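J.: One structure is given below, represented as structure tokens, and several questions about it will come after.
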Amino acid sequence: METISIEGTPKTPTITFNTGSGFLEIKGRSIPENSIEFYKPLVDWLEKYAAKPQPTTNVNIQLEYFNTSSSKCILDVFKKLEAINKGGSKVTINWHYEEDDEDMLEAGEDYQAIINVPFKMVQVEE
Amino acid sequence: MMLDIYDFYDKMERNNIMLSFKGDITSELLTSILQIMESKLDNLQEEPKIKKKVYNVLVECLQNLYHHMDEVAPEQNDKIRSAIFMIGKLDNQYNIITGNYIKNENVAGLKKRLEDINLLTKEELKEYYKAVLNNGEMSLKGGGGLGMIDIARKTGEKLNFNFAPVDNTFSFFTLNIKISQ
């Protein structure tokens with residue numbers, strides 16, 4: 001079992017994916033000009049993981065900022081998770097937002113409306 | 001020709017411009033502008049809510065300019081690759097102004113898109129955003145047409161824009177975004 005990770009930068013988030021425990025976390029900022037390139041490895045890992053997932057998969061999304069270019073890629077990630085959920089692993093997406101950040105809460109609700117996976121909205125203190 | 005720098009300065013001062021730039025928009029430049037603006041917003045001790053809104057809208061405006069550059073002029077060092085950007089704060093309202101060249105043949109399409117966005121209510125914008133997010137084609141660079149919808153949604157204001165004809169090939173597109181407290 002392995003843990004795959006991508007170190008964060010001022011424009012890209014830290015990604016940690018522990019395939020042994022079924023835990024994925026995306027944390028930080030996601031505002032790269034070219035998001036497709038950035039998210040490609042994660043989408044590939046999920047593809048591999050989907051073949052042999054853990055009984056449960058927990059996903060933490062804790063973004064401070066994300067641009068519209070990332071929003072498409074995040075949807076692609078969620079679509080992979082939707083397939084994993086359908087394939088037998090119980091997936092939960094924990095969408096974090098700061099107390100007064102209504103835009104971030106709304107963004108989570110947008111995904112919740114599109115993706116057929118249980119979402120938990122988690123409010124965090126600033 | 002001698003530029004009247006004081007005239008420039010005075011106009012910028014009166015409009016309370018915090019930062020402005022004219023030139024080629026590169027990824028490194030965007031990183032710097034965003035860092036500078038973030039520390040300025042911190043120094044102004046803006047509420048986190050306002051700070052985030054301004055930062056988010058700024059990212060979309062600047063990345064619009066960035067993605068647009070290659071469309072109008074793939075070659076480097078071309079005058080029309082140049083764009084202008086300004087951000088200021090007057091009477092508790094942030095103003096983000098961008099300007100860039102656009103091919104005349106693309107004016108009608110963009111104008112229609114912006115006008116359509118301006119017709120939508122808050123709820124309709126939310127639905128439209130979700131529809132484009134879920135079904136829209138993604139451009140190679142990832143724009144996907146969500147930027148303007150997102151700006152309209154986050155600011156809660158109509159998009160204020162203008163197209164000024166330049167010559168037979170180009171017009172100059174100006175976008176003026178207001179973010180109220």
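Scheme for the structure tokens: letters A, B, ... for chains in order shown; per-chain residue numbers from 1; ligand numbers from 1 in order shown.
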If the cut-off is 10 Å, can you tell me the residues of chain A near chain B, counting only C-alpha atoms? I'd like them as a ChimeraX atom specification.
T.: /A:10-11,31-37,64-73,75-76,98-104,106-107,110-111,113-115,126
J.: Write the residues of the preceding selection, restricted to C-alpha atoms, as a PDB file, in the first residue's frame.
T.:
ATOM      1  CA  PRO A  10       1.264  29.266  -3.808  1.00  0.00           C
ATOM      2  CA  LYS A  11      -0.899  28.295  -6.790  1.00  0.00           C
ATOM      3  CA  ILE A  31      -5.389  28.593  -8.850  1.00  0.00           C
ATOM      4  CA  PRO A  32      -2.986  27.346 -11.555  1.00  0.00           C
ATOM      5  CA  GLU A  33      -3.309  28.688 -15.097  1.00  0.00           C
ATOM      6  CA  ASN A  34      -3.173  25.139 -16.409  1.00  0.00           C
ATOM      7  CA  SER A  35      -5.248  22.947 -14.111  1.00  0.00           C
ATOM      8  CA  ILE A  36      -5.599  19.974 -16.446  1.00  0.00           C
ATOM      9  CA  GLU A  37      -1.873  19.352 -16.315  1.00  0.00           C
ATOM     10  CA  GLU A  64      -8.899  28.315   0.575  1.00  0.00           C
ATOM     11  CA  TYR A  65      -9.251  29.444  -3.044  1.00  0.00           C
ATOM     12  CA  PHE A  66      -9.901  27.734  -6.328  1.00  0.00           C
ATOM     13  CA  ASN A  67     -10.261  29.170  -9.813  1.00  0.00           C
ATOM     14  CA  THR A  68     -12.814  28.235 -12.447  1.00  0.00           C
ATOM     15  CA  SER A  69     -10.144  26.371 -14.390  1.00  0.00           C
ATOM     16  CA  SER A  70      -9.683  24.073 -11.353  1.00  0.00           C
ATOM     17  CA  SER A  71     -13.411  23.702 -10.825  1.00  0.00           C
ATOM     18  CA  LYS A  72     -13.701  21.535 -13.953  1.00  0.00           C
ATOM     19  CA  CYS A  73     -10.820  19.336 -12.851  1.00  0.00           C
ATOM     20  CA  LEU A  75     -15.481  17.831 -10.990  1.00  0.00           C
ATOM     21  CA  ASP A  76     -13.485  15.227 -12.951  1.00  0.00           C
ATOM     22  CA  GLU A  98     -14.438  28.718   6.522  1.00  0.00           C
ATOM     23  CA  GLU A  99     -17.123  30.098   8.791  1.00  0.00           C
ATOM     24  CA  ASP A 100     -18.074  33.186   6.775  1.00  0.00           C
ATOM     25  CA  ASP A 101     -17.081  31.929   3.328  1.00  0.00           C
ATOM     26  CA  GLU A 102     -20.487  31.599   1.693  1.00  0.00           C
ATOM     27  CA  ASP A 103     -18.949  31.356  -1.772  1.00  0.00           C
ATOM     28  CA  MET A 104     -16.991  28.243  -0.759  1.00  0.00           C
ATOM     29  CA  GLU A 106     -22.095  27.370  -2.283  1.00  0.00           C
ATOM     30  CA  ALA A 107     -19.364  25.858  -4.440  1.00  0.00           C
ATOM     31  CA  ASP A 110     -22.964  22.997  -6.523  1.00  0.00           C
ATOM     32  CA  TYR A 111     -20.879  19.805  -6.605  1.00  0.00           C
ATOM     33  CA  ALA A 113     -26.078  18.751  -6.662  1.00  0.00           C
ATOM     34  CA  ILE A 114     -24.132  17.279  -9.591  1.00  0.00           C
ATOM     35  CA  ILE A 115     -22.302  14.325  -8.026  1.00  0.00           C
ATOM     36  CA  GLU A 126     -10.751  30.891  10.618  1.00  0.00           C
TER      37      GLU A 126
END
J.: Need the shell around Leu63 (chain A): protein/DNA/RNA residues with any atom at most 9 Å away, counting only C-alpha atoms. Skip same-chain ones fewer than 4 positions apart. Format as a list of chain:residue names?
T.: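 The neighbour list is A:Pro13, A:Ile26, A:Lys27, A:Gly28, A:Arg29, A:Ser30, A:Trp95, A:His96, A:Tyr97, A:Met104.
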J.: Please produce a file of those selected residues containing N, CA and C atoms, as an mmCIF file, in the first residue's frame.
T.:
data_model
loop_
_atom_site.group_PDB
_atom_site.id
_atom_site.type_symbol
_atom_site.label_atom_id
_atom_site.label_comp_id
_atom_site.auth_asym_id
_atom_site.auth_seq_id
_atom_site.Cartn_x
_atom_site.Cartn_y
_atom_site.Cartn_z
ATOM 1 N N PRO A 13 -2.567 23.073 -4.682
ATOM 2 C CA PRO A 13 -2.786 22.491 -3.353
ATOM 3 C C PRO A 13 -1.850 21.327 -3.035
ATOM 4 N N ILE A 26 -7.185 17.046 -0.421
ATOM 5 C CA ILE A 26 -6.735 18.144 -1.285
ATOM 6 C C ILE A 26 -6.849 19.401 -0.437
ATOM 7 N N LYS A 27 -5.726 20.058 -0.190
ATOM 8 C CA LYS A 27 -5.715 21.141 0.780
ATOM 9 C C LYS A 27 -4.869 22.309 0.312
ATOM 10 N N GLY A 28 -5.395 23.515 0.447
ATOM 11 C CA GLY A 28 -4.603 24.701 0.102
ATOM 12 C C GLY A 28 -5.296 25.547 -0.947
ATOM 13 N N ARG A 29 -4.526 25.987 -1.944
ATOM 14 C CA ARG A 29 -5.061 26.823 -3.015
ATOM 15 C C ARG A 29 -4.970 26.096 -4.333
ATOM 16 N N SER A 30 -5.963 26.291 -5.145
ATOM 17 C CA SER A 30 -5.898 25.689 -6.470
ATOM 18 C C SER A 30 -6.213 26.753 -7.503
ATOM 19 N N TRP A 95 -16.454 18.362 2.514
ATOM 20 C CA TRP A 95 -16.160 19.663 1.890
ATOM 21 C C TRP A 95 -16.013 20.706 2.996
ATOM 22 N N HIS A 96 -14.794 21.207 3.165
ATOM 23 C CA HIS A 96 -14.532 22.184 4.224
ATOM 24 C C HIS A 96 -14.694 23.616 3.713
ATOM 25 N N TYR A 97 -15.252 24.457 4.567
ATOM 26 C CA TYR A 97 -15.357 25.878 4.219
ATOM 27 C C TYR A 97 -15.201 26.692 5.500
ATOM 28 N N MET A 104 -17.575 29.590 -0.806
ATOM 29 C CA MET A 104 -16.991 28.243 -0.759
ATOM 30 C C MET A 104 -18.063 27.203 -0.396
#
J.: Suppose you want the space between CA of Phe119 (chain A) and CA of Gly88 (chain A); what is it in Å?
T.: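 That distance, rounded to one decimal, is 16.9 Å.
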J.: Determine which residues of chain A receive a DSSP assignment of strand (DSSP E), computed from the backbone, and state them as number ranges by chain.
T.: A: 3-6, 14-18, 23-30, 56-66, 90-98, 119-124
J.: Could you state the separation of CA of Ile84 (chain B) and CA of Ala152 (chain B) in Å, given to one decimal place?
T.: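 These two atoms are separated by 20.6 Å.
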J.: What's the 8 Å shell around Gln54 (chain A), counting only C-alpha atoms, without same-chain residues fewer than 3 positions away, as an MDAnalysis selection string?
T.: chainID A and resid 19:22 57 89
J.: Write the selection just made, keeping N, CA and C atoms, as a CSV table (one decimal), in the first residue's frame?
T.:
chain,number,residue,atom,x,y,z
A,19,THR,N,-3.6,5.1,-0.4
A,19,THR,CA,-4.5,4.1,-1.1
A,19,THR,C,-4.7,2.9,-0.1
A,20,GLY,N,-3.8,2.8,0.9
A,20,GLY,CA,-4.0,1.7,1.9
A,20,GLY,C,-5.1,1.9,2.9
A,21,SER,N,-5.4,3.2,3.2
A,21,SER,CA,-6.4,3.5,4.2
A,21,SER,C,-7.6,4.1,3.4
A,22,GLY,N,-7.5,4.4,2.2
A,22,GLY,CA,-8.6,5.0,1.4
A,22,GLY,C,-8.8,6.4,1.8
A,57,THR,N,-13.8,5.0,1.4
A,57,THR,CA,-12.9,6.0,0.9
A,57,THR,C,-13.3,7.4,1.4
A,89,SER,N,-16.9,0.8,-3.0
A,89,SER,CA,-16.3,1.4,-1.9
A,89,SER,C,-17.2,2.5,-1.4
